[in-house]
Structure formats: C-alpha cells, structure tokens
file structure34.txt (compact mmCIF, C-alpha atoms)
# COMPACT_ATOMS: atom_id res chain seq x y z
CA MET A 1 0.00 0.00 0.00
CA SER A 2 1.43 3.42 -0.94
CA THR A 3 1.78 6.30 1.51
CA MET A 4 -1.01 8.15 -0.31
CA GLU A 5 -3.28 5.05 -0.17
CA ALA A 6 -2.52 4.67 3.54
CA ARG A 7 -3.51 8.30 4.17
CA ILE A 8 -6.70 7.89 2.18
CA SER A 9 -7.53 4.63 3.99
CA LYS A 10 -6.90 6.30 7.34
CA ALA A 11 -9.03 9.27 6.40
CA ASP A 12 -11.82 6.97 5.23
CA GLY A 13 -11.69 5.12 8.52
CA VAL A 14 -12.01 8.36 10.46
CA THR A 15 -14.90 9.41 8.25
CA LEU A 16 -16.60 6.06 8.75
CA ARG A 17 -16.18 6.28 12.51
CA MET A 18 -17.54 9.83 12.48
CA LYS A 19 -20.55 8.67 10.44
CA LYS A 20 -21.21 5.87 12.92
CA ILE A 21 -20.89 8.28 15.83
CA GLY A 22 -23.26 10.66 14.05
CA ILE A 23 -25.84 7.89 13.54
CA LYS A 24 -25.60 6.88 17.20
CA MET A 25 -25.94 10.51 18.31
CA LYS A 26 -28.93 10.95 15.98
CA ARG A 27 -30.60 7.85 17.43
CA SER A 28 -29.86 9.00 20.96
CA ILE A 29 -31.26 12.45 20.27
CA THR A 30 -34.38 10.90 18.68
CA GLY A 31 -34.85 8.71 21.75
CA ILE A 32 -34.42 11.71 24.06
CA LEU A 33 -36.91 13.76 22.05
CA ILE A 34 -39.49 10.98 22.16
CA ALA A 35 -38.96 10.57 25.91
CA LEU A 36 -39.39 14.33 26.36
CA ALA A 37 -42.53 14.16 24.25
CA ALA A 38 -43.88 11.45 26.53
CA LEU A 39 -43.16 13.68 29.56
CA MET A 40 -44.97 16.55 27.85
CA ILE A 41 -47.95 14.28 27.22
CA PHE A 42 -48.04 13.28 30.88
CA SER A 43 -47.89 16.95 31.87
CA GLU A 44 -51.01 17.53 29.75
CA ALA A 45 -52.94 14.68 31.36
CA GLY A 46 -56.05 16.82 31.71
CA ALA A 47 -56.03 18.02 28.11
CA GLN A 48 -58.39 15.30 26.94
CA ASN A 49 -62.00 15.86 27.96
CA LEU A 50 -63.28 12.56 29.35
CA THR A 51 -66.50 14.09 30.63
CA SER A 52 -67.39 15.50 27.22
CA TYR A 53 -66.29 12.25 25.59
CA LYS A 54 -68.66 10.17 27.72
CA ARG A 55 -71.51 12.60 27.13
CA MET A 56 -71.17 12.29 23.36
CA VAL A 57 -70.92 8.49 23.41
CA LYS A 58 -74.08 8.34 25.51
CA GLU A 59 -75.93 10.76 23.25
CA LEU A 60 -74.91 9.13 19.96
CA SER A 61 -75.94 5.67 21.21
CA SER A 62 -79.32 6.87 22.52
CA ALA A 63 -82.75 6.05 21.06
CA LYS A 64 -82.86 9.57 19.64
CA PHE A 65 -80.64 8.47 16.76
CA GLN A 66 -82.11 4.94 16.33
CA GLY A 67 -78.77 3.25 15.74
CA ARG A 68 -77.62 6.01 13.35
CA GLY A 69 -79.15 4.14 10.42
CA TYR A 70 -81.13 5.20 7.37
CA ALA A 71 -84.77 4.16 7.70
CA ARG A 72 -85.68 6.72 10.37
CA ASN A 73 -83.08 9.29 9.37
CA GLY A 74 -81.04 8.54 12.46
CA VAL A 75 -77.82 8.93 10.49
CA ARG A 76 -78.84 12.39 9.22
CA LYS A 77 -79.81 13.52 12.73
CA ALA A 78 -76.49 12.22 14.06
CA GLY A 79 -74.60 14.10 11.34
CA LEU A 80 -76.22 17.37 12.37
CA PHE A 81 -75.43 16.63 16.03
CA ILE A 82 -71.77 16.05 15.13
CA GLU A 83 -71.70 19.28 13.11
CA ARG A 84 -72.89 21.19 16.19
CA GLU A 85 -70.33 19.45 18.39
CA PHE A 86 -67.48 20.38 16.04
CA SER A 87 -68.69 23.97 16.17
CA ALA A 88 -68.80 23.95 19.98
CA ALA A 89 -65.31 22.41 19.97
CA GLY A 90 -63.99 25.51 18.22
CA ALA A 91 -63.23 24.16 14.74
CA ASP A 92 -62.30 26.89 12.25
CA GLU A 93 -64.21 25.38 9.33
CA ILE A 94 -67.04 22.83 9.15
CA MET A 95 -68.78 21.41 6.10
CA LEU A 96 -71.18 18.62 5.17
CA GLN A 97 -70.21 16.50 2.17
CA PRO A 98 -73.32 14.76 0.81
CA PHE A 99 -73.33 11.51 -1.12
CA LYS A 100 -76.02 9.03 -2.15
CA ILE A 101 -76.39 5.34 -1.46
CA ASP A 102 -78.91 2.60 -2.14
CA ILE A 103 -79.62 0.72 1.07
CA ASN A 104 -82.03 -1.95 2.29
CA THR A 105 -83.66 -1.36 5.67
CA PHE A 106 -86.08 -3.01 8.12
CA PRO A 107 -88.08 -0.23 9.80
CA GLY A 108 -91.46 -1.92 10.22
CA LYS A 109 -92.87 -5.29 11.24
CA MET A 110 -90.38 -7.89 12.46
CA ASN A 111 -92.33 -10.92 13.70
CA MET A 112 -91.28 -14.59 13.70
CA THR A 113 -93.11 -17.47 15.37
CA VAL A 114 -91.95 -21.10 15.32
CA ASP A 115 -94.54 -23.75 16.22
CA GLY A 116 -96.46 -21.05 18.05
CA LYS A 117 -93.47 -19.65 20.00
CA SER A 118 -92.55 -16.02 19.32
CA LEU A 119 -88.89 -15.20 18.74
CA ALA A 120 -87.27 -11.89 19.68
CA PRO A 121 -85.60 -9.86 16.90
CA GLY A 122 -81.96 -9.06 17.57
CA ARG A 123 -81.68 -11.85 20.13
CA ASP A 124 -83.32 -14.97 18.62
CA PHE A 125 -83.15 -13.95 14.97
CA THR A 126 -81.80 -11.31 12.59
CA MET A 127 -82.06 -10.70 8.85
CA ARG A 128 -79.38 -10.79 6.20
CA GLU A 129 -79.06 -7.17 5.19
CA TYR A 130 -80.13 -7.81 1.59
CA SER A 131 -83.25 -9.84 2.38
CA PRO A 132 -86.70 -8.93 1.08
CA GLY A 133 -89.67 -8.77 3.40
CA VAL A 134 -91.79 -11.87 3.85
CA GLN A 135 -95.31 -12.58 5.10
CA GLY A 136 -96.91 -16.01 5.50
CA TYR A 137 -97.07 -19.40 7.15
CA TYR A 138 -94.47 -21.93 5.98
CA LYS A 139 -93.34 -25.48 6.56
CA LEU A 140 -89.75 -26.12 7.63
CA TYR A 141 -87.34 -28.43 5.81
CA TYR A 142 -84.14 -29.37 7.70
CA ILE A 143 -80.98 -30.21 5.74
CA ASP A 144 -79.52 -33.61 6.62
CA THR A 145 -75.85 -32.60 6.92
CA LEU A 146 -74.70 -36.19 7.56
CA ASN A 147 -76.17 -37.42 4.27
CA PHE A 148 -75.84 -34.28 2.23
CA ASN A 149 -77.10 -34.76 -1.32
CA LEU A 150 -78.21 -31.84 -3.50
CA ALA A 151 -80.20 -34.02 -5.89
CA LYS A 152 -82.20 -35.51 -3.01
CA ILE A 153 -82.73 -32.08 -1.45
CA THR A 154 -84.00 -30.69 -4.75
CA GLU A 155 -86.29 -33.68 -5.20
CA ASP A 156 -87.61 -33.35 -1.63
CA LEU A 157 -88.32 -29.64 -2.03
CA CYS A 158 -90.34 -30.37 -5.17
CA ARG A 159 -92.64 -32.76 -3.32
CA PRO A 160 -96.13 -31.33 -2.65
CA ALA A 161 -95.60 -31.70 1.10
CA ASN A 162 -92.52 -29.41 0.99
CA LEU A 163 -93.46 -26.87 -1.68
CA GLY A 164 -92.72 -23.35 -0.49
CA ALA A 165 -90.92 -24.53 2.66
CA PHE A 166 -88.17 -22.61 4.46
CA VAL A 167 -84.87 -24.51 4.39
CA VAL A 168 -83.10 -24.79 7.78
CA CYS A 169 -79.37 -25.50 8.12
CA ASP A 170 -76.33 -24.77 10.27
CA PHE A 171 -74.61 -21.63 8.97
CA GLU A 172 -71.09 -23.02 9.17
CA PHE A 173 -72.16 -25.97 7.04
CA THR A 174 -73.71 -23.67 4.44
CA TYR A 175 -70.49 -21.65 4.35
CA ARG A 176 -68.50 -24.77 3.51
CA HIS A 177 -70.95 -25.53 0.68
CA LYS A 178 -71.55 -22.01 -0.59
CA ASP A 179 -72.07 -22.98 -4.22
CA VAL A 180 -74.85 -25.41 -3.34
CA PHE A 181 -76.66 -23.00 -1.05
CA LYS A 182 -76.38 -20.16 -3.53
CA ARG A 183 -78.54 -22.34 -5.78
CA LEU A 184 -81.06 -22.93 -2.99
CA GLU A 185 -81.19 -19.16 -2.41
CA SER A 186 -82.17 -18.64 -6.06
CA ARG A 187 -85.67 -19.09 -7.46
CA LYS A 188 -84.20 -20.65 -10.60
CA CYS A 189 -83.21 -23.80 -8.72
CA CYS A 190 -85.90 -24.54 -6.15
CA GLN A 191 -89.29 -23.26 -5.13
CA ASN A 192 -88.49 -23.03 -1.44
CA SER A 193 -89.61 -19.70 0.00
CA GLY A 194 -86.45 -18.83 1.93
CA MET A 195 -83.56 -19.87 4.13
CA ILE A 196 -83.03 -20.09 7.89
CA TYR A 197 -79.40 -20.41 8.98
CA ILE A 198 -78.51 -21.39 12.55
CA TRP A 199 -75.73 -19.22 14.02
CA ASN A 200 -73.56 -19.42 17.09
CA GLU A 201 -74.51 -16.74 19.58
CA PRO A 202 -74.51 -13.85 19.86
CA LEU A 203 -76.30 -13.14 16.60
CA LYS A 204 -74.88 -10.35 14.46
CA PHE A 205 -76.55 -7.90 12.09
CA TYR A 206 -74.76 -6.29 9.15
CA LYS A 207 -75.19 -3.63 6.46
CA ALA A 208 -72.15 -4.22 4.23
CA TYR A 209 -74.07 -5.75 1.31
CA GLY A 210 -77.34 -3.92 1.78
CA GLU A 211 -77.14 -2.06 -1.54
CA LYS A 212 -79.37 -4.75 -3.09
CA VAL A 213 -82.35 -7.01 -2.36
CA VAL A 214 -82.09 -10.70 -3.28
CA GLU A 215 -84.81 -13.10 -4.40
CA LYS A 216 -85.45 -15.00 -1.16
CA PRO A 217 -85.34 -13.94 2.49
CA ILE A 218 -82.42 -15.23 4.54
CA ILE A 219 -82.92 -15.33 8.31
CA TRP A 220 -80.20 -15.99 10.87
CA VAL A 221 -81.34 -17.66 14.10
CA SER A 222 -79.62 -18.44 17.39
CA SER A 223 -78.20 -21.83 18.30
CA ASP A 224 -81.22 -22.73 20.45
CA PHE A 225 -83.51 -22.73 17.43
CA PRO A 226 -85.56 -25.97 17.65
CA LYS A 227 -84.03 -28.95 15.85
CA ASN A 228 -87.33 -30.46 14.70
CA ALA A 229 -89.90 -27.66 14.42
CA ARG A 230 -92.59 -28.03 11.79
CA ASN A 231 -93.80 -24.54 10.87
CA VAL A 232 -92.79 -20.89 10.91
CA SER A 233 -95.00 -17.80 10.72
CA LEU A 234 -93.34 -14.64 9.39
CA ASP A 235 -94.41 -11.02 9.12
CA ILE A 236 -91.31 -9.02 8.18
CA GLU A 237 -91.19 -5.73 6.31
CA ASN A 238 -88.27 -4.24 4.43
CA GLU A 239 -87.90 -0.86 2.75
CA PHE A 240 -85.31 -0.35 0.02
CA LEU A 241 -84.09 3.25 -0.06
CA LYS A 242 -82.90 4.32 -3.49
CA GLY A 243 -80.50 7.27 -3.68
CA TYR A 244 -80.58 8.04 0.04
CA THR A 245 -78.54 11.17 0.86
CA SER A 246 -76.12 10.95 3.76
CA ASN A 247 -73.28 13.27 4.80
CA ASN A 248 -69.64 13.12 5.72
CA VAL A 249 -69.05 15.76 8.40
CA ILE A 250 -65.72 17.53 7.91
CA ALA A 251 -64.11 19.93 10.39
CA LYS A 252 -60.80 21.74 10.14
CA VAL A 253 -58.51 23.38 12.69
CA ASN A 254 -56.05 25.73 11.03
CA GLY A 255 -52.39 25.19 11.74
CA CYS A 256 -49.44 27.55 11.46
CA ARG A 257 -48.65 26.01 8.07
CA HIS A 258 -51.06 25.10 5.28
CA ASP A 259 -48.86 23.22 2.81
CA SER A 260 -49.52 19.84 4.48
CA CYS A 261 -52.07 18.43 6.90
CA PHE A 262 -52.91 15.66 9.31
CA VAL A 263 -56.30 13.91 9.21
CA PHE A 264 -58.30 12.17 11.94
CA THR A 265 -61.22 9.99 10.82
CA ALA A 266 -63.99 7.97 12.46
CA HIS A 267 -67.30 6.69 11.13
CA TYR A 268 -70.49 7.71 12.88
CA ASP A 269 -73.07 5.60 11.04
CA HIS A 270 -74.18 2.23 12.37
CA LEU A 271 -76.80 -0.45 11.70
CA GLY A 272 -80.04 1.35 12.46
CA ASN A 273 -83.18 -0.68 13.08
CA LEU A 274 -84.27 -4.30 12.99
CA GLY A 275 -88.01 -3.70 13.03
CA SER A 276 -89.89 -0.94 14.78
CA LYS A 277 -88.84 -1.89 18.32
CA VAL A 278 -85.15 -2.83 18.04
CA PHE A 279 -82.20 -0.60 17.19
CA TYR A 280 -78.44 -1.10 17.34
CA PRO A 281 -76.96 1.65 19.57
CA GLY A 282 -73.32 1.29 18.46
CA ALA A 283 -71.72 2.80 21.58
CA ASN A 284 -68.40 1.11 20.83
CA ASP A 285 -69.01 0.90 17.06
CA ASN A 286 -68.40 3.72 16.56
CA ALA A 287 -69.71 6.40 18.88
CA SER A 288 -66.42 5.81 20.71
CA GLY A 289 -64.28 6.86 17.75
CA THR A 290 -66.56 9.70 16.69
CA ALA A 291 -66.50 11.26 20.16
CA ALA A 292 -62.70 10.87 20.22
CA ILE A 293 -62.08 12.92 17.09
CA ILE A 294 -64.44 15.67 18.32
CA THR A 295 -62.49 15.97 21.59
CA LEU A 296 -59.28 16.03 19.54
CA ALA A 297 -60.70 18.92 17.53
CA GLU A 298 -61.46 20.69 20.82
CA TYR A 299 -57.90 20.09 22.01
CA TYR A 300 -56.26 21.44 18.85
CA SER A 301 -58.53 24.47 18.68
CA SER A 302 -56.82 25.64 21.89
CA HIS A 303 -53.39 24.09 21.16
CA ARG A 304 -52.71 25.45 17.70
CA PRO A 305 -50.93 22.75 15.65
CA LYS A 306 -47.99 23.26 13.31
CA PHE A 307 -49.98 21.95 10.32
CA ASP A 308 -53.67 22.08 9.44
CA ILE A 309 -55.67 19.19 10.90
CA TYR A 310 -58.88 17.79 9.42
CA PHE A 311 -61.40 15.78 11.42
CA ILE A 312 -63.74 13.70 9.26
CA ALA A 313 -66.76 11.83 10.61
CA PHE A 314 -67.73 9.43 7.84
CA SER A 315 -71.15 8.02 7.12
CA GLY A 316 -71.73 4.77 5.23
CA GLU A 317 -68.86 2.79 6.78
CA ASP A 318 -71.04 -0.10 7.91
CA ALA A 319 -72.58 -0.02 4.43
CA ASN A 320 -69.20 -1.02 2.92
CA LEU A 321 -67.08 2.13 3.39
CA ARG A 322 -69.34 4.21 1.17
CA GLY A 323 -68.55 7.62 2.72
CA SER A 324 -64.78 7.24 2.75
CA LYS A 325 -64.76 5.85 -0.78
CA TRP A 326 -66.73 8.89 -1.91
CA PHE A 327 -64.35 11.24 -0.10
CA THR A 328 -61.23 9.77 -1.68
CA GLU A 329 -62.81 10.36 -5.09
CA HIS A 330 -63.94 13.88 -4.09
CA PRO A 331 -61.37 15.10 -1.52
CA VAL A 332 -61.52 18.58 -0.02
CA MET A 333 -57.72 18.69 0.10
CA PRO A 334 -55.11 17.12 -2.21
CA LEU A 335 -54.59 13.58 -0.94
CA GLU A 336 -50.86 13.96 -1.52
CA SER A 337 -50.83 16.81 1.02
CA ILE A 338 -51.79 14.43 3.86
CA LYS A 339 -48.75 13.86 6.06
CA TYR A 340 -50.55 11.12 7.98
CA LEU A 341 -54.13 9.91 8.51
CA ILE A 342 -55.30 8.33 11.77
CA ASN A 343 -58.53 6.30 11.66
CA ILE A 344 -60.19 5.55 15.01
CA ASP A 345 -62.82 2.81 15.03
CA MET A 346 -64.15 0.94 18.08
CA ILE A 347 -61.84 2.08 20.87
CA GLY A 348 -64.50 1.65 23.57
CA ASP A 349 -62.93 -1.42 25.16
CA ASN A 350 -60.30 -2.46 27.70
CA ASN A 351 -57.80 -4.73 25.97
CA PRO A 352 -54.34 -3.60 27.16
CA GLU A 353 -53.07 -4.18 23.61
CA MET A 354 -54.21 -1.84 20.82
CA TYR A 355 -54.79 -3.40 17.41
CA CYS A 356 -53.65 -1.41 14.38
CA GLU A 357 -53.12 -1.61 10.62
CA THR A 358 -51.05 0.65 8.39
CA SER A 359 -50.86 1.42 4.71
CA ASP A 360 -47.68 0.55 2.84
CA THR A 361 -46.67 4.21 3.06
CA GLY A 362 -47.56 4.39 6.75
CA THR A 363 -44.83 2.09 8.08
CA ARG A 364 -42.53 4.87 9.27
CA GLY A 365 -45.43 6.40 11.16
CA TYR A 366 -46.09 3.08 12.87
CA GLU A 367 -42.48 3.01 14.04
CA VAL A 368 -42.89 6.49 15.54
CA PHE A 369 -46.13 5.43 17.23
CA SER A 370 -44.35 2.38 18.68
CA GLN A 371 -41.51 4.51 20.06
CA ILE A 372 -43.94 6.95 21.67
CA ASN A 373 -45.97 4.07 23.11
CA ASP A 374 -42.87 2.41 24.53
CA ALA A 375 -41.76 5.67 26.15
CA GLY A 376 -45.21 6.51 27.53
CA HIS A 377 -46.39 2.97 28.37
CA PHE A 378 -49.86 3.75 27.04
CA PHE A 379 -50.59 0.23 25.80
CA LYS A 380 -48.92 -3.08 26.44
CA ALA A 381 -48.31 -3.30 22.70
CA LEU A 382 -49.45 -1.90 19.37
CA LYS A 383 -50.43 -5.17 17.71
CA ARG A 384 -50.08 -4.65 13.98
CA GLY A 385 -52.26 -6.71 11.66
CA GLU A 386 -52.47 -7.09 7.91
CA LEU A 387 -54.04 -4.22 5.97
CA ALA A 388 -57.70 -5.01 5.17
CA ALA A 389 -60.79 -3.29 3.80
CA ASN A 390 -62.41 -3.26 7.24
CA SER A 391 -62.67 0.45 8.03
CA ASP A 392 -62.34 3.93 6.56
CA HIS A 393 -58.54 4.00 6.37
CA TYR A 394 -58.59 1.48 3.55
CA PRO A 395 -59.73 3.71 0.64
CA PHE A 396 -56.96 6.14 1.62
CA ALA A 397 -54.39 3.33 1.84
CA ALA A 398 -55.43 2.25 -1.66
CA LYS A 399 -54.61 5.80 -2.85
CA GLY A 400 -51.15 5.71 -1.28
CA VAL A 401 -51.93 7.94 1.72
CA PRO A 402 -49.78 7.24 4.83
CA CYS A 403 -52.28 6.05 7.43
CA ILE A 404 -52.95 3.92 10.48
CA PHE A 405 -56.10 2.32 11.87
CA PHE A 406 -56.64 1.88 15.63
CA GLU A 407 -59.18 -0.55 17.10
CA ASN A 408 -59.32 -1.95 20.61
CA GLU A 409 -60.71 -5.43 20.04
CA GLY A 410 -60.99 -8.50 22.24
CA GLY A 411 -61.88 -6.78 25.52
CA ASP A 412 -65.06 -6.94 27.57
CA ALA A 413 -67.08 -4.87 25.10
CA PHE A 414 -66.14 -6.81 21.97
CA LYS A 415 -68.68 -9.58 22.58
CA HIS A 416 -71.43 -7.00 22.00
CA TYR A 417 -70.14 -6.11 18.51
CA HIS A 418 -73.05 -5.67 16.05
CA THR A 419 -75.66 -6.57 18.65
CA PRO A 420 -78.27 -4.43 20.46
CA GLN A 421 -76.12 -4.80 23.60
CA ASP A 422 -73.44 -2.47 22.19
CA ASN A 423 -75.05 0.27 24.26
CA TRP A 424 -74.25 2.94 26.82
CA GLN A 425 -74.78 0.52 29.72
CA ASN A 426 -72.02 -1.74 28.36
CA ALA A 427 -69.71 1.07 27.28
CA VAL A 428 -66.04 0.86 28.32
CA PHE A 429 -63.74 3.90 28.38
CA ASP A 430 -60.32 2.50 29.32
CA SER A 431 -58.67 3.08 25.93
CA TYR A 432 -59.72 6.69 25.35
CA GLU A 433 -57.16 8.57 27.46
CA PRO A 434 -54.07 6.51 26.52
CA LEU A 435 -54.99 6.67 22.83
CA PHE A 436 -55.54 10.43 23.07
CA LYS A 437 -52.06 10.85 24.54
CA LEU A 438 -50.56 8.53 21.96
CA VAL A 439 -51.96 10.32 18.91
CA THR A 440 -51.30 13.84 20.19
CA GLY A 441 -47.73 12.79 20.91
CA PHE A 442 -47.46 11.50 17.36
CA ILE A 443 -48.77 14.74 15.82
CA ARG A 444 -46.15 16.60 17.84
CA GLU A 445 -43.28 14.38 16.74
CA TYR A 446 -44.02 13.30 13.19

call {"tool": "encode", "arguments": {"input": "structure34.txt", "output": "structure tokens"}}
result
Amino acid sequence: MSTMEARISKADGVTLRMKKIGIKMKRSITGILIALAALMIFSEAGAQNLTSYKRMVKELSSAKFQGRGYARNGVRKAGLFIEREFSAAGADEIMLQPFKIDINTFPGKMNMTVDGKSLAPGRDFTMREYSPGVQGYYKLYYIDTLNFNLAKITEDLCRPANLGAFVVCDFEFTYRHKDVFKRLESRKCCQNSGMIYIWNEPLKFYKAYGEKVVEKPIIWVSSDFPKNARNVSLDIENEFLKGYTSNNVIAKVNGCRHDSCFVFTAHYDHLGNLGSKVFYPGANDNASGTAAIITLAEYYSSHRPKFDIYFIAFSGEDANLRGSKWFTEHPVMPLESIKYLINIDMIGDNNPEMYCETSDTGTRGYEVFSQINDAGHFFKALKRGELAANSDHYPFAAKGVPCIFFENEGGDAFKHYHTPQDNWQNAVFDSYEPLFKLVTGFIREY
C-alpha cells in the first residue's frame, strides 16, 4: 500500500467512525426527544376531555338516533349533532359532504313465530341485510348434513308436502358448501320460499351488502332454534331506499402552516333498526371513535398545531365504506398533502393491547407510534395486523396515503359487537385517554 493510499484509507476510517458516531448521536437524540414528548404528554394529562367524551358516546348511542341508520333518518340527525359538536369544539371550518347510497332497511314489522313460539328480533333472529320482506305461514325443511345430497334435497323440495318450505341448516355448514346453497337461495333452482341459517350466539346484524335485495329472504337464528320444528310464521317488512342522501361531516382546525395536513377519521353511522322496536346503539361501534375525534378537535382548537388538521366523521362505513370511498374520489384537500391519517374505530374497550393496521406508506409512522408508546407505556403493545378493507382507512391506503387504523378489540365490550347490547350501559372507556395521549404525541413528533 502506498503512503497516499494509507492516508486515504486512514481518512476513510475516520470518516466512517464519524458517520457511525453521528448515527448513534442521531438515534440517541431521537430517543431523548421521544422521551421528552412522553413527559410533555403526561404533563397535559387533563387536556383530553373525558366528561365530554362520555356525554357524546351516551348521546350518539341513545334512542334519539335509532342506531344512526337510514330508515328513520337517524344517520342524518347524528350528522347534524356532530356538526354542532365540532362547532362547539372551536373548529375553524365545518362542512357537510353529501353523497347518495342505495340501502335496504327493516323499519317496520319484524315478527317470527316457530310452532307457536314467538322469537325476539336481535336476540333470537336477525335478517341478512339484503333480504326482502316476507309474510306467510311456511313449513320447515331441515338439511340432513350427515347425508348431504343436492339431488335428493332438490327432489324433496319439489314434493307437494314441501313446496314453499323454508330450508333450515347450520350456517357453518352452508359456508363450507356455498355454491350449493347459492342455488337454494335462487328461485331458478328450487321453489323453497327462503332460508333459515342457525348461528352461534350472539347473533350479528350487518349492512355491508345492503345495496341490493335478493330473491329470497335469509334469516339468521340463534343456536337454540328448535331442531325439529314443523312450521314458521313470518311477518317481516323491508324498505329499500334508493338514492338516500347521507353526509360526511368535515371539520378543520387551522395550523401555522397550510402546505400539508394531518387527518383524523372515524365513522359515525351504524346499523339502524331491525323492526320498529329494536335498534343497534353502536356505543363502541363507533360512537367511541366519533367522540374521540371531536375531543381532539377541541384540544387542537386551543393548542394550535404546526400543520392544518382535518377531522372527518364518515357516514356509510357499515354499508361497505361508502362515505370514505366517496371522499377519496372527491377530496376537499389534495390527498398527496396528507402527512398522515389516523382512523379511530371501536376504541370503547379495555384490551391492554391496541390493534392497528397501516398502509404501505404508513410504516414509518407506525415506528414512531411504537416509540412513543414504549416511552409513555400507554398500551402493552401496538399489535399490527395485515391491511384489510375493514374500516375507513382502507380507501386512503389504496390511494397511497400514509395512514394507520386503531381498534381496541378483544376486551369486555367486543362480545357486543353488532348486537343491540353495544349500548351505553355496556360502554367501556379505558382506551380513550391513553390513545388520546398517543396520537397527540405523534402529531407533535411526526
């Protein structure tokens, strides 16, 4: 090695050591800053408004809004309530973004009697969201799952004694034989009047595929449905709403800079009614998230952020993300200006671990969240799952927006998911304050 080469090699070694020292110092400084941020969050422990939060969860899950569904305009009334709450929170700008959906509803009669015994809607039976109404007295035909034979079933259902019967089967079995049961659900195959599927409890009700009405009614019943009943009497009304107008409620708190923004989202719609006497309150799903973003708007209206922050309460989430899909096609800000989007859905529970999902572009943000969580000990872990089309972050993730989705699942409240028992009486508030501190710490650091 020449003298010149030795000098260069030595210089390179010094440079390399200096680079390594610089990286270590940078990491140390980052760790110190995050620790200081955690201390700042603790010092602002009263910044979140738990009293106001509880009040809004209670109000949104009350009978006044009838499950924030469509048939009785509960979702529209809830949207106006949220608009007023954003105003009271001190938001600088508020707007309603209307969009239209087609949706099937069940606002009227909801009566089912089996061999003379009345069943309770929401507890003993529910409807598939795309079912038509049905009125009449029908025989029951039970599927023999041990000797399953489509040809025999079709032959049996064509016998005079079984014409127009309702077919009864275990739901899990039908799921494993979807192609066969799709045929039984169609009028082209058999003349049975409808389907009754036996579910494990608790029974759920959904809206995700309610943009249509199918040929035959499909009824889900609880596991204690009789195994050898003979007849069923049904008086069930549906109402298909074509071009129903709902609103995304958008609030903005101005920051010191306007070239980029943060976005908080939560859906406020829910499942509405199952007949005239039963509604789905949705205290956890998602009055909990909606109330959270309103209190965050209140916080930032008095703690002016560096960048603009939008707070979007979406409608149509339980109807297959209809509001957020509409927004991403008609945004009120350039999507590329979003530094990070935080979607809050179902945080009204007490699991010490917080479930989350991120977009492909949101990975760095997740790492920052994890560092802040580790420093502040807000949750035992941020349990990251695979990105899925399960809440309003997904349409943004599909557009390349950096985002994260928070949901506290698996605690005491989760068993009430999509049941009438997801109500104020069963509401849990353990996750609100630690999540509030976590996300405000993130906005400060990111």

call {"tool": "closest_residue", "arguments": {"input": "structure34.txt", "among": "A:Ile219, A:Ala71, A:Ala389, A:Leu234", "to": "Lys109 in chain A", "atoms": "all atoms listed in the file"}}
result
A:Leu234

call {"tool": "closest_residue", "arguments": {"input": "structure34.txt", "among": "A:Ala63, A:Leu271, A:Val168, A:Ile372", "to": "Lys227 in chain A", "atoms": "all atoms listed in the file"}}
result
A:Val168

call {"tool": "closest_residue", "arguments": {"input": "structure34.txt", "among": "A:Ala89, A:Ile404, A:Leu296, A:Ala413", "to": "Thr440 in chain A", "atoms": "all atoms listed in the file"}}
result
A:Leu296

call {"tool": "residues_near_point", "arguments": {"input": "structure34.txt", "point": "(-63.3, 23.1, 9.8)", "cutoff": "10 Å", "atoms": "only C-alpha atoms", "output": "VMD selection string"}}
result
chain A and resid 83 86 to 87 90 to 95 249 to 254 297 308 to 312

call {"tool": "residues_around", "arguments": {"input": "structure34.txt", "residues": "range 422-439 of chain A", "least_positions_apart": "6", "cutoff": "7 Å", "atoms": "only C-alpha atoms", "output": "list in words"}}
result
Ile41, Gln48, Lys58, Ser61, Pro281, Gly282, Ala283, Asn284, Ile347, Gly348, Asp349, Asn350, Ile372, Asn373, Phe378, Ala413 and His416 of chain A

call {"tool": "build_atoms", "arguments": {"input": "structure34.txt", "residues": "range 355-369 of chain A", "atoms": "N, CA and C atoms", "output": "short mmCIF file (atom, residue, chain, number, x, y, z; two decimals), in the frame of the given file"}}
result
data_model
loop_
_atom_site.label_atom_id
_atom_site.label_comp_id
_atom_site.auth_asym_id
_atom_site.auth_seq_id
_atom_site.Cartn_x
_atom_site.Cartn_y
_atom_site.Cartn_z
N TYR A 355 -54.95 -2.87 18.76
CA TYR A 355 -54.79 -3.40 17.41
C TYR A 355 -54.63 -2.25 16.43
N CYS A 356 -53.82 -2.45 15.40
CA CYS A 356 -53.65 -1.41 14.38
C CYS A 356 -53.29 -2.03 13.04
N GLU A 357 -53.53 -1.27 11.98
CA GLU A 357 -53.12 -1.61 10.62
C GLU A 357 -52.54 -0.35 10.00
N THR A 358 -51.60 -0.51 9.08
CA THR A 358 -51.05 0.65 8.39
C THR A 358 -51.06 0.41 6.89
N SER A 359 -51.06 1.50 6.15
CA SER A 359 -50.86 1.42 4.71
C SER A 359 -49.38 1.14 4.44
N ASP A 360 -49.08 0.79 3.20
CA ASP A 360 -47.68 0.55 2.84
C ASP A 360 -46.82 1.78 3.08
N THR A 361 -47.41 2.96 2.86
CA THR A 361 -46.67 4.21 3.06
C THR A 361 -46.71 4.69 4.50
N GLY A 362 -47.42 3.97 5.36
CA GLY A 362 -47.56 4.39 6.75
C GLY A 362 -46.64 3.69 7.72
N THR A 363 -45.70 2.90 7.21
CA THR A 363 -44.83 2.09 8.08
C THR A 363 -43.96 2.94 8.99
N ARG A 364 -43.39 4.01 8.44
CA ARG A 364 -42.53 4.87 9.27
C ARG A 364 -43.33 5.49 10.41
N GLY A 365 -44.57 5.86 10.12
CA GLY A 365 -45.43 6.40 11.16
C GLY A 365 -45.69 5.38 12.26
N TYR A 366 -45.89 4.13 11.87
CA TYR A 366 -46.09 3.08 12.87
C TYR A 366 -44.88 2.96 13.79
N GLU A 367 -43.69 3.08 13.23
CA GLU A 367 -42.48 3.01 14.04
C GLU A 367 -42.42 4.15 15.05
N VAL A 368 -42.85 5.35 14.62
CA VAL A 368 -42.89 6.49 15.54
C VAL A 368 -43.93 6.25 16.63
N PHE A 369 -45.10 5.76 16.24
CA PHE A 369 -46.13 5.43 17.23
C PHE A 369 -45.59 4.43 18.26
#
